[in-house]
Amino acid sequence: MLKNILIIFFVSAAVAVAQVKVVTTTTVIYDLVKNVGGDKVEVDYLSRGDQDVHFLEILPSYMLKLRKADLFFKVGLQLEMWAPQLIDGSRNSSLKIIDLSENIAPKEIPTRKVDASLGDVHPFGNPHYWLDPENAKSMLQRIYEELSSYSPENEPHFKENLQSYFAKLDKKIIEWEEKMSNLKQKEIVFFHSAWIYFTDRFGVTIAGYVEPKPGIPPTPSHNASIIKLIQKNKINLIVMDVFYSDSAPNQIASVTGAKVLRIPTQVYGLEKNSSYIDLIDYIVNQISSNG
Ligand SMILES: [Zn+2]
């Protein structure tokens, strides 16, 4: 009897060891890791989908999550300005930190040094690259490599998951491009500069931003210039993420008649966007049907 119990104990301990413990900063990376890792990973995220990752308030529970983790995936390009403090606080010397921006080509890299005191939160280029599904593929590839290097015995499993997810994503990309094809050159005003990767992929034009600079709240004088721009170029859409105050967009809309669309940029930004594919589906459907 005791021998059987011991065998059960050792077998289940071995299974537990085989699971890679992953923490991600965002819900998009969380979903991508789940799709590659399947049941061989235990994955958790820090920033909720309806929170602004730029300005996440660190909770003690985040450090506990990191203390027990093997791998920590982040977006990089300073999106998670709070990450170093969190990593220090976790006191986990064996934690491997993976910056997924290393695998993509950043856009909007400033040509001169950005003065952080001015509050611009994109000092190393635009960090919102996951909104281009082709970049999601680069992220998935890196996730596959890191999981396989940490847990080589599960590499065939990760590879199979990666390939079947790529096939699914490639089909969706064709569908998304088709839906967006009637919007080519259409001008949209966005709240925050989070959209360049999406608009470059799908051919929409960014006319301007409600924020005067990334991370800087709207001002009356900048609102007035956006109102002029909307009227001059006959723009009918203002797109903003779910966590921003809608007071400036609504004020601009009330003067111009443009429509304000609240669209998340993360998984679970709205409850129904429960995966990366769901999220891009939702964004494409919202923009194409209101465009
Ligand atoms: Zn940003």
# chains A, B, ... in the order shown; residues from 1 in each chain; ligands from 1
>>> residues_near_ligand(ligand="ligand 1", cutoff="10 Å", atoms="only C-alpha atoms and all ligand atoms", output="PDB file with C-alpha atoms, in the first residue's frame")
ATOM      1  CA  ASP A  52      -3.372  50.305 -19.463  1.00  0.00           C
ATOM      2  CA  VAL A  53      -0.134  48.270 -19.511  1.00  0.00           C
ATOM      3  CA  HIS A  54       1.891  51.506 -19.674  1.00  0.00           C
ATOM      4  CA  PHE A  55       0.726  52.548 -16.226  1.00  0.00           C
ATOM      5  CA  LEU A  77      10.276  48.625 -25.782  1.00  0.00           C
ATOM      6  CA  GLN A  78       9.555  50.142 -22.352  1.00  0.00           C
ATOM      7  CA  LEU A  79       5.862  49.248 -22.440  1.00  0.00           C
ATOM      8  CA  ASP A 120       6.284  60.410 -23.848  1.00  0.00           C
ATOM      9  CA  VAL A 121       5.835  56.706 -23.091  1.00  0.00           C
ATOM     10  CA  HIS A 122       7.259  55.431 -26.421  1.00  0.00           C
ATOM     11  CA  PRO A 123      10.951  56.392 -26.055  1.00  0.00           C
ATOM     12  CA  GLY A 125       9.677  53.107 -30.678  1.00  0.00           C
ATOM     13  CA  ASN A 126       6.075  52.010 -30.701  1.00  0.00           C
ATOM     14  CA  PRO A 127       5.568  48.973 -28.427  1.00  0.00           C
ATOM     15  CA  HIS A 128       2.043  48.018 -29.613  1.00  0.00           C
ATOM     16  CA  TYR A 129       3.318  45.596 -32.246  1.00  0.00           C
ATOM     17  CA  HIS A 192      -3.426  56.661 -28.234  1.00  0.00           C
ATOM     18  CA  SER A 193      -0.630  55.854 -30.634  1.00  0.00           C
ATOM     19  CA  ALA A 194      -1.220  52.099 -30.398  1.00  0.00           C
ATOM     20  CA  TRP A 195      -2.304  51.412 -33.963  1.00  0.00           C
ATOM     21  CA  LYS A 213       1.936  62.765 -27.207  1.00  0.00           C
ATOM     22  CA  PRO A 214       1.810  59.056 -26.276  1.00  0.00           C
ATOM     23  CA  GLY A 215       0.765  58.906 -22.610  1.00  0.00           C
TER      24      GLY A 215
END
>>> residues_around(residues="region 274-280 of chain A", least_positions_apart="4", cutoff="8 Å", atoms="only C-alpha atoms", output="number ranges by chain")
A: 28, 31-32, 131, 169, 172, 264-268, 284
>>> closest_residue(among="A:Asp88, A:Glu155, A:Asp281, A:Glu57", to="Lys179 (chain A)", atoms="only C-alpha atoms")
A:Asp281
>>> select_by_dssp(residues="region 22-117 of chain A", states="helix (DSSP H, G or I)", output="compact mmCIF listing (two decimals) with all heavy atoms, in the first residue's frame")
# COMPACT_ATOMS: atom_id res chain seq x y z
N THR A 27 -2.25 39.97 -21.49
CA THR A 27 -3.18 38.86 -21.78
C THR A 27 -3.00 38.34 -23.21
O THR A 27 -3.33 37.18 -23.48
CB THR A 27 -4.63 39.33 -21.60
OG1 THR A 27 -4.80 40.59 -22.27
CG2 THR A 27 -4.97 39.50 -20.13
N VAL A 28 -2.49 39.20 -24.11
CA VAL A 28 -2.23 38.71 -25.48
C VAL A 28 -1.11 37.67 -25.43
O VAL A 28 -1.23 36.57 -25.97
CB VAL A 28 -1.88 39.87 -26.44
CG1 VAL A 28 -1.18 39.35 -27.69
CG2 VAL A 28 -3.14 40.62 -26.84
N ILE A 29 0.00 38.01 -24.75
CA ILE A 29 1.11 37.04 -24.67
C ILE A 29 0.63 35.77 -23.94
O ILE A 29 0.97 34.65 -24.33
CB ILE A 29 2.35 37.63 -23.95
CG1 ILE A 29 2.78 38.96 -24.61
CG2 ILE A 29 3.51 36.64 -24.00
CD1 ILE A 29 3.97 39.63 -23.92
N TYR A 30 -0.18 35.96 -22.91
CA TYR A 30 -0.75 34.82 -22.16
C TYR A 30 -1.46 33.86 -23.11
O TYR A 30 -1.24 32.64 -23.08
CB TYR A 30 -1.72 35.40 -21.12
CG TYR A 30 -2.69 34.43 -20.51
CD1 TYR A 30 -2.33 33.60 -19.45
CD2 TYR A 30 -4.02 34.36 -20.97
CE1 TYR A 30 -3.24 32.72 -18.88
CE2 TYR A 30 -4.93 33.50 -20.40
CZ TYR A 30 -4.54 32.68 -19.36
OH TYR A 30 -5.44 31.82 -18.80
N ASP A 31 -2.29 34.41 -23.99
CA ASP A 31 -3.05 33.56 -24.92
C ASP A 31 -2.11 32.86 -25.91
O ASP A 31 -2.29 31.68 -26.22
CB ASP A 31 -4.10 34.39 -25.66
CG ASP A 31 -4.93 33.53 -26.58
OD1 ASP A 31 -5.60 32.60 -26.07
OD2 ASP A 31 -4.89 33.74 -27.81
N LEU A 32 -1.09 33.57 -26.39
CA LEU A 32 -0.16 32.97 -27.35
C LEU A 32 0.63 31.84 -26.67
O LEU A 32 0.83 30.77 -27.26
CB LEU A 32 0.78 34.03 -27.94
CG LEU A 32 0.11 35.19 -28.70
CD1 LEU A 32 1.16 36.16 -29.26
CD2 LEU A 32 -0.79 34.70 -29.82
N VAL A 33 1.06 32.06 -25.42
CA VAL A 33 1.82 31.02 -24.69
C VAL A 33 0.93 29.79 -24.48
O VAL A 33 1.36 28.66 -24.65
CB VAL A 33 2.34 31.56 -23.33
CG1 VAL A 33 2.88 30.42 -22.46
CG2 VAL A 33 3.42 32.62 -23.54
N LYS A 34 -0.33 30.03 -24.13
CA LYS A 34 -1.26 28.90 -23.92
C LYS A 34 -1.40 28.08 -25.19
O LYS A 34 -1.46 26.85 -25.14
CB LYS A 34 -2.65 29.43 -23.51
CG LYS A 34 -2.86 29.48 -22.03
CD LYS A 34 -4.32 29.50 -21.63
CE LYS A 34 -5.20 30.32 -22.54
NZ LYS A 34 -6.56 30.47 -22.03
N ASN A 35 -1.45 28.77 -26.32
CA ASN A 35 -1.64 28.05 -27.58
C ASN A 35 -0.44 27.23 -27.98
O ASN A 35 -0.58 26.18 -28.59
CB ASN A 35 -2.02 29.04 -28.70
CG ASN A 35 -3.52 29.29 -28.71
OD1 ASN A 35 -4.29 28.42 -29.11
ND2 ASN A 35 -3.94 30.44 -28.23
N VAL A 36 0.76 27.69 -27.63
CA VAL A 36 1.96 26.92 -27.95
C VAL A 36 2.22 25.86 -26.88
O VAL A 36 2.58 24.72 -27.18
CB VAL A 36 3.21 27.84 -28.08
CG1 VAL A 36 4.45 27.01 -28.40
CG2 VAL A 36 3.00 28.90 -29.15
N GLY A 37 2.02 26.25 -25.62
CA GLY A 37 2.40 25.37 -24.51
C GLY A 37 1.40 24.27 -24.21
O GLY A 37 1.76 23.20 -23.74
N GLY A 38 0.13 24.54 -24.50
CA GLY A 38 -0.93 23.56 -24.19
C GLY A 38 -0.89 23.16 -22.73
O GLY A 38 -0.65 23.99 -21.86
N ASP A 39 -1.04 21.86 -22.48
CA ASP A 39 -1.10 21.40 -21.08
C ASP A 39 0.29 21.22 -20.46
O ASP A 39 0.41 20.77 -19.33
CB ASP A 39 -1.93 20.11 -20.96
CG ASP A 39 -1.36 19.00 -21.82
OD1 ASP A 39 -0.34 19.22 -22.52
OD2 ASP A 39 -1.94 17.90 -21.81
N LYS A 40 1.33 21.57 -21.19
CA LYS A 40 2.69 21.44 -20.63
C LYS A 40 3.15 22.74 -19.94
O LYS A 40 4.28 22.81 -19.46
CB LYS A 40 3.72 21.10 -21.73
CG LYS A 40 3.34 19.92 -22.58
CD LYS A 40 3.31 18.63 -21.78
CE LYS A 40 3.00 17.45 -22.70
NZ LYS A 40 2.34 16.35 -21.97
N VAL A 53 -1.40 48.92 -19.88
CA VAL A 53 -0.13 48.27 -19.51
C VAL A 53 0.95 49.31 -19.23
O VAL A 53 1.82 49.09 -18.38
CB VAL A 53 0.34 47.31 -20.63
CG1 VAL A 53 1.56 46.51 -20.18
CG2 VAL A 53 -0.76 46.37 -21.05
N HIS A 54 0.90 50.45 -19.92
CA HIS A 54 1.89 51.51 -19.67
C HIS A 54 1.95 51.91 -18.20
O HIS A 54 3.01 52.24 -17.70
CB HIS A 54 1.53 52.77 -20.47
CG HIS A 54 1.95 52.74 -21.90
ND1 HIS A 54 3.26 52.61 -22.29
CD2 HIS A 54 1.24 52.87 -23.04
CE1 HIS A 54 3.33 52.65 -23.62
NE2 HIS A 54 2.12 52.79 -24.10
N PHE A 55 0.79 51.96 -17.57
CA PHE A 55 0.73 52.55 -16.23
C PHE A 55 0.19 51.55 -15.19
O PHE A 55 -0.64 51.91 -14.36
CB PHE A 55 -0.16 53.81 -16.25
CG PHE A 55 0.38 54.87 -17.17
CD1 PHE A 55 -0.27 55.16 -18.37
CD2 PHE A 55 1.54 55.57 -16.85
CE1 PHE A 55 0.22 56.14 -19.23
CE2 PHE A 55 2.03 56.55 -17.71
CZ PHE A 55 1.38 56.84 -18.90
N PRO A 60 1.58 43.45 -4.62
CA PRO A 60 2.47 42.43 -4.03
C PRO A 60 2.22 41.04 -4.63
O PRO A 60 3.15 40.25 -4.77
CB PRO A 60 2.09 42.44 -2.55
CG PRO A 60 1.47 43.79 -2.31
CD PRO A 60 0.83 44.19 -3.61
N SER A 61 1.00 40.78 -5.04
CA SER A 61 0.68 39.45 -5.59
C SER A 61 1.46 39.19 -6.89
O SER A 61 1.75 38.04 -7.23
CB SER A 61 -0.82 39.32 -5.85
OG SER A 61 -1.23 40.29 -6.80
N TYR A 62 1.81 40.26 -7.63
CA TYR A 62 2.59 40.07 -8.87
C TYR A 62 3.97 39.50 -8.54
O TYR A 62 4.51 38.68 -9.28
CB TYR A 62 2.77 41.40 -9.61
CG TYR A 62 1.50 42.06 -10.09
CD1 TYR A 62 1.52 43.39 -10.51
CD2 TYR A 62 0.30 41.37 -10.12
CE1 TYR A 62 0.36 44.01 -10.96
CE2 TYR A 62 -0.85 41.99 -10.56
CZ TYR A 62 -0.82 43.31 -10.98
OH TYR A 62 -1.95 43.92 -11.41
N MET A 63 4.57 39.97 -7.44
CA MET A 63 5.90 39.49 -7.07
C MET A 63 5.84 38.01 -6.68
O MET A 63 6.74 37.24 -7.00
CB MET A 63 6.47 40.32 -5.93
CG MET A 63 6.60 41.77 -6.35
SD MET A 63 7.62 42.74 -5.26
CE MET A 63 7.31 44.39 -5.90
N LEU A 64 4.76 37.64 -6.01
CA LEU A 64 4.59 36.22 -5.64
C LEU A 64 4.46 35.36 -6.90
O LEU A 64 5.03 34.27 -6.98
CB LEU A 64 3.36 36.03 -4.76
CG LEU A 64 3.49 36.59 -3.34
CD1 LEU A 64 2.18 36.41 -2.57
CD2 LEU A 64 4.63 35.90 -2.59
N LYS A 65 3.74 35.86 -7.87
CA LYS A 65 3.60 35.11 -9.14
C LYS A 65 4.97 34.91 -9.79
O LYS A 65 5.30 33.83 -10.25
CB LYS A 65 2.69 35.86 -10.12
CG LYS A 65 1.22 35.79 -9.79
CD LYS A 65 0.38 36.54 -10.83
CE LYS A 65 -1.08 36.58 -10.41
NZ LYS A 65 -1.96 37.17 -11.42
N LEU A 66 5.76 35.98 -9.80
CA LEU A 66 7.09 35.90 -10.44
C LEU A 66 8.05 35.04 -9.63
O LEU A 66 8.94 34.41 -10.20
CB LEU A 66 7.69 37.29 -10.60
CG LEU A 66 7.32 38.07 -11.85
CD1 LEU A 66 8.31 39.20 -12.07
CD2 LEU A 66 7.30 37.18 -13.09
N ARG A 67 7.89 35.02 -8.31
CA ARG A 67 8.79 34.23 -7.46
C ARG A 67 8.73 32.76 -7.83
O ARG A 67 9.72 32.04 -7.77
CB ARG A 67 8.40 34.43 -5.99
CG ARG A 67 9.41 33.91 -5.00
CD ARG A 67 9.18 34.48 -3.63
NE ARG A 67 9.32 35.93 -3.64
CZ ARG A 67 8.96 36.73 -2.64
NH1 ARG A 67 8.45 36.21 -1.54
NH2 ARG A 67 9.11 38.04 -2.73
N ALA A 83 8.41 46.81 -14.94
CA ALA A 83 8.90 45.42 -14.84
C ALA A 83 10.18 45.26 -14.01
O ALA A 83 10.28 44.33 -13.21
CB ALA A 83 9.07 44.82 -16.23
N PRO A 84 11.19 46.15 -14.18
CA PRO A 84 12.43 45.94 -13.41
C PRO A 84 12.21 45.91 -11.89
O PRO A 84 12.77 45.06 -11.19
CB PRO A 84 13.30 47.15 -13.81
CG PRO A 84 12.77 47.58 -15.14
CD PRO A 84 11.29 47.28 -15.11
N GLN A 85 11.35 46.82 -11.43
CA GLN A 85 11.05 46.86 -10.00
C GLN A 85 10.39 45.56 -9.53
O GLN A 85 10.69 45.03 -8.45
CB GLN A 85 10.10 48.04 -9.76
CG GLN A 85 9.92 48.41 -8.31
CD GLN A 85 8.73 49.37 -8.14
OE1 GLN A 85 8.32 50.06 -9.08
NE2 GLN A 85 8.19 49.40 -6.94
N LEU A 86 9.55 45.05 -10.38
CA LEU A 86 8.83 43.82 -10.07
C LEU A 86 9.79 42.62 -10.04
O LEU A 86 9.72 41.76 -9.15
CB LEU A 86 7.78 43.63 -11.16
CG LEU A 86 6.78 42.52 -11.01
CD1 LEU A 86 6.00 42.70 -9.72
CD2 LEU A 86 5.83 42.53 -12.20
N ILE A 87 10.69 42.59 -11.02
CA ILE A 87 11.65 41.48 -11.11
C ILE A 87 12.56 41.50 -9.88
O ILE A 87 12.80 40.46 -9.25
CB ILE A 87 12.46 41.57 -12.42
CG1 ILE A 87 11.54 41.31 -13.61
CG2 ILE A 87 13.63 40.60 -12.42
CD1 ILE A 87 12.06 41.80 -14.95
N ASP A 88 13.03 42.68 -9.49
CA ASP A 88 13.84 42.82 -8.27
C ASP A 88 13.08 42.29 -7.07
O ASP A 88 13.61 41.53 -6.27
CB ASP A 88 14.13 44.32 -8.00
CG ASP A 88 15.37 44.78 -8.73
OD1 ASP A 88 15.96 43.94 -9.44
OD2 ASP A 88 15.73 45.97 -8.58
N GLY A 89 11.84 42.72 -6.95
CA GLY A 89 11.02 42.37 -5.79
C GLY A 89 10.70 40.89 -5.72
O GLY A 89 10.40 40.36 -4.65
N SER A 90 10.76 40.20 -6.86
CA SER A 90 10.39 38.77 -6.86
C SER A 90 11.50 37.92 -6.24
O SER A 90 11.26 36.80 -5.80
CB SER A 90 10.13 38.30 -8.28
OG SER A 90 11.35 38.14 -8.98
N LEU A 100 9.99 40.00 -26.02
CA LEU A 100 9.53 39.58 -27.35
C LEU A 100 9.75 40.63 -28.43
O LEU A 100 9.67 40.33 -29.61
CB LEU A 100 8.04 39.19 -27.28
CG LEU A 100 7.75 37.90 -26.48
CD1 LEU A 100 6.25 37.69 -26.33
CD2 LEU A 100 8.38 36.68 -27.15
N SER A 101 10.06 41.86 -28.03
CA SER A 101 10.30 42.89 -29.05
C SER A 101 11.60 42.62 -29.81
O SER A 101 11.82 43.16 -30.89
CB SER A 101 10.35 44.29 -28.42
OG SER A 101 11.54 44.48 -27.69
N GLU A 102 12.46 41.75 -29.24
CA GLU A 102 13.71 41.40 -29.94
C GLU A 102 13.43 40.70 -31.27
O GLU A 102 14.29 40.64 -32.13
CB GLU A 102 14.56 40.48 -29.06
CG GLU A 102 15.15 41.19 -27.85
CD GLU A 102 15.66 40.23 -26.77
OE1 GLU A 102 15.67 39.00 -27.00
OE2 GLU A 102 16.02 40.73 -25.70
N ASN A 103 12.24 40.17 -31.43
CA ASN A 103 11.92 39.41 -32.63
C ASN A 103 11.09 40.17 -33.66
O ASN A 103 10.62 39.60 -34.62
CB ASN A 103 11.17 38.13 -32.24
CG ASN A 103 12.06 37.19 -31.48
OD1 ASN A 103 12.48 37.50 -30.37
ND2 ASN A 103 12.40 36.07 -32.08
N ALA A 116 12.26 61.95 -21.28
CA ALA A 116 11.25 61.21 -20.51
C ALA A 116 10.44 62.16 -19.62
O ALA A 116 9.28 61.88 -19.31
CB ALA A 116 11.91 60.12 -19.68
N SER A 117 11.04 63.29 -19.23
CA SER A 117 10.33 64.20 -18.35
C SER A 117 9.12 64.83 -19.06
O SER A 117 8.21 65.35 -18.45
CB SER A 117 11.26 65.31 -17.83
OG SER A 117 11.63 66.14 -18.90
>>> closest_residue(among="A:Ile58, A:Leu270, A:Ile235, A:Leu140", to="Asn161 (chain A)", atoms="only C-alpha atoms")
A:Leu140
